[in-house]
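Heads up, the thing below is written out as structure tokens.
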Amino acid sequence: LHFPWRRFLTLQFIAGVIWTPCLVGLSAMLGEKVAGLAHRYEAASLLAVVVVLVAVLGITHLLIPLSTWRGRRLLLSRWRRLTRWEYWPWWALYAPVFIYIIWLALKHRSLTVFTCANPAIPDGGFSGESKSEILRGLAGAKEAVARWKLLPAGEAARVREASLAAWMKAENLTWPIVLKPDEGCRGQGVAVCRNEEQAANYFTANSAPLIAQEYIPGVEYGVFYYRLPNEDAGHIFAITDKRFPSVTGDGRQTLEQLILNDGQAVGSARFFLEQHAARLGEIPPVGARVQLTELGTHCRGSLFLDGTEALRTPELTAAIDAISKHFPGFYFGRYDVRCPSAEDLRAGRNLRVIELNGVTSEATSIYDPAHSVFFAWATLGRQWRLCYEIGAANRARGAQPATVSRLLRAYWHTLHEEKSAAPVPESVSA
């Protein structure tokens with residue numbers, strides 16, 4: 001639990017000093033009576049235990065939080081995450097989709113043929129793929145890809161600091177700089193570092209292979225692209241308009257109160273409160289805007305809107321298609337791009353790719369609060385149908401599907417990496 005052992009033992013000792021006499025005293029006073037009642041009503045003892053447990057849970061998780069304003073707002077946050085499908089855990093959302101995937105596997109006579117959708121990416125980008133290898137595959141797109149550098153594992157923090165400084169100087173880059181694991185998903189471990197001290201703290205906490213990447217200001221979008229192997233031009237399947245939540249100061253409320261009072265931010269309140277723990281007591285001045293997240297990840301608080309119809313144009317499709325063709329063997333996945341404005345995106349100009357995800361990436365436009373879960377299931381179904389069709393076409397051209405055991409090992413490795421990943425240091429994340 002990463003808890004200081006001296007403090008743990010001290011608290012444990014204090015708790016024992018208080019708890020043990022209370023327990024022994026109550027046993028001496030009431031033990032015989034309780035034992036007699038238990039014997040007399042033995043048939044109903046199991047029901048009594050259940051009732052007591054439910055009562056305790058109700059008091060601690062409902063009645064006590066309801067007694068404070070902060071508790072009520074956090075209960076509202078929990079209720080929204082329970083009743084709004086876009087906050088559901090992945091296994092709950094994907095349960096019907098898995099059934100459809102099994103049907104697709106039977107249709108194409110292979111459970112894993114979808115991994116052939118991107119022969120240039122190991123396992124098609126199923127799990128644990130290297131971000132640096134994918135970015136290297138896009139090298140032909142040149143300035144369309146944000147500049148980056150791989151910082152290998154095994155180097156001391158000071159060596160990484162020196163390597164980062166040398167790269168920034170050679171590329172004429174200034175702070176901030178983005179640091180993130182070479183293998184990872186859902187924004188795990190991604191940090192925007194604004195100075196050398198924050199980067200040093202990040203390096204101290206993370207020894208895995210890392211990517212240092214140029215920070216691209218502007219607006220961020222997720223552009224889901226696909227191309228059938230027998231087609232000359234690709235298509236845009238979906239576009240996600242990513243919005244970074246913020247709150248505006250009124251000169252009276254603390255940052256914590258602003259977060260809990262905000263209709264959108266309250267849905268991700270626990271994450272925002274943890275990320276800004278060092279600043280929760282601050283009172284932002286009137287009109288001061290506090291951005292709550294800088295990362296375009298839904299599980300880290302960003303708002304995803306469906307921009308497919310409003311932003312998809314022939315110019316944008318042509319620009320994404322040109323970038324994709326610099327990566328032979330890539331046919332299916334989602335680009336995360338940044339550009340100065342929505343007008344630039346529509347025109348297909350000034351696009352900078354910051355990441356590319358493979359076969360298990362989502363058309364994240366489904367998370368628009370205006371969409372129902374049925375829309376999400378239908379979209380994911382179409383997405384996986386295309387993935388299997390592209391994979392089957394590439395298999396006919398000689399691509400080999402990954403084995404089930406290989407995919408299970410890759411997924412297990414990713415789970416292990418996520419659980420053991422060091423948290424982003426507070427001095428960076430805040």
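Here, A, B, ... name the chains of the structure tokens in the order displayed, residue numbers run from 1 inside each chain, and ligands are numbered from 1 in the same displayed order.
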Can you check which parts of region 234-321 of chain A lie within 6 Å of region 360-376 of chain A? Per residue, the shortest pair of atoms and distance in Å to one decimal, counting only C-alpha atoms, sorted by chain and number, as JSON lines.
{"residue": "A:Ala238", "atom": "CA", "partner": "A:Ala363", "partner_atom": "CA", "distance": 5.9}
{"residue": "A:Thr240", "atom": "CA", "partner": "A:Ser365", "partner_atom": "CA", "distance": 4.5}
{"residue": "A:Phe304", "atom": "CA", "partner": "A:Asp368", "partner_atom": "CA", "distance": 5.3}
{"residue": "A:Leu305", "atom": "CA", "partner": "A:Asp368", "partner_atom": "CA", "distance": 4.4}
{"residue": "A:Asp306", "atom": "CA", "partner": "A:Ser365", "partner_atom": "CA", "distance": 4.5}
>> Env of Trp90 (chain A): 12 Å cut, atoms = only C-alpha atoms, seq-sep filter 6 positions within chain, self excluded. Answer as a list in words.
In response: Pro96, Val97, Phe98, Arg186, Cys299 and Glu362 of chain A
>> If DSSP is run on the backbone, what residues of region 180-288 of chain A are strand (DSSP E)? A reply as a PyMOL selection string would be ideal.
In response: chain A and resi 180-181+191-193+210-214+219-226+235-243+246-248
Quick one: write out the picked residues with C-alpha atoms as a PDB file, in the first residue's frame?
ATOM      1  CA  LYS A 180       4.584   8.937 -21.164  1.00  0.00           C
ATOM      2  CA  PRO A 181       5.273   5.186 -21.033  1.00  0.00           C
ATOM      3  CA  ALA A 191       2.256  13.812 -17.736  1.00  0.00           C
ATOM      4  CA  VAL A 192       2.760  17.324 -19.063  1.00  0.00           C
ATOM      5  CA  CYS A 193       6.001  18.571 -17.489  1.00  0.00           C
ATOM      6  CA  LEU A 210       9.482   6.300 -21.835  1.00  0.00           C
ATOM      7  CA  ILE A 211       8.654   8.632 -24.680  1.00  0.00           C
ATOM      8  CA  ALA A 212       9.413  12.334 -24.534  1.00  0.00           C
ATOM      9  CA  GLN A 213       7.177  14.190 -26.960  1.00  0.00           C
ATOM     10  CA  GLU A 214       6.777  17.732 -28.156  1.00  0.00           C
ATOM     11  CA  VAL A 219      -7.564  21.444 -29.721  1.00  0.00           C
ATOM     12  CA  GLU A 220      -7.457  17.641 -29.729  1.00  0.00           C
ATOM     13  CA  TYR A 221      -9.453  15.171 -31.783  1.00  0.00           C
ATOM     14  CA  GLY A 222      -9.659  11.417 -32.186  1.00  0.00           C
ATOM     15  CA  VAL A 223      -9.908  10.465 -35.864  1.00  0.00           C
ATOM     16  CA  PHE A 224     -10.809   6.826 -36.528  1.00  0.00           C
ATOM     17  CA  TYR A 225      -9.534   5.696 -39.941  1.00  0.00           C
ATOM     18  CA  TYR A 226      -9.823   2.526 -41.987  1.00  0.00           C
ATOM     19  CA  HIS A 235     -12.250   6.446 -44.971  1.00  0.00           C
ATOM     20  CA  ILE A 236     -12.916   8.269 -41.717  1.00  0.00           C
ATOM     21  CA  PHE A 237     -15.188   6.138 -39.556  1.00  0.00           C
ATOM     22  CA  ALA A 238     -15.666   8.575 -36.670  1.00  0.00           C
ATOM     23  CA  ILE A 239     -14.302  11.804 -35.187  1.00  0.00           C
ATOM     24  CA  THR A 240     -14.177  12.605 -31.479  1.00  0.00           C
ATOM     25  CA  ASP A 241     -14.202  16.247 -30.433  1.00  0.00           C
ATOM     26  CA  LYS A 242     -12.296  16.246 -27.136  1.00  0.00           C
ATOM     27  CA  ARG A 243     -13.044  18.955 -24.584  1.00  0.00           C
ATOM     28  CA  SER A 246     -12.461  23.615 -16.565  1.00  0.00           C
ATOM     29  CA  VAL A 247     -14.030  25.657 -13.783  1.00  0.00           C
ATOM     30  CA  THR A 248     -14.175  29.436 -13.422  1.00  0.00           C
TER      31      THR A 248
END
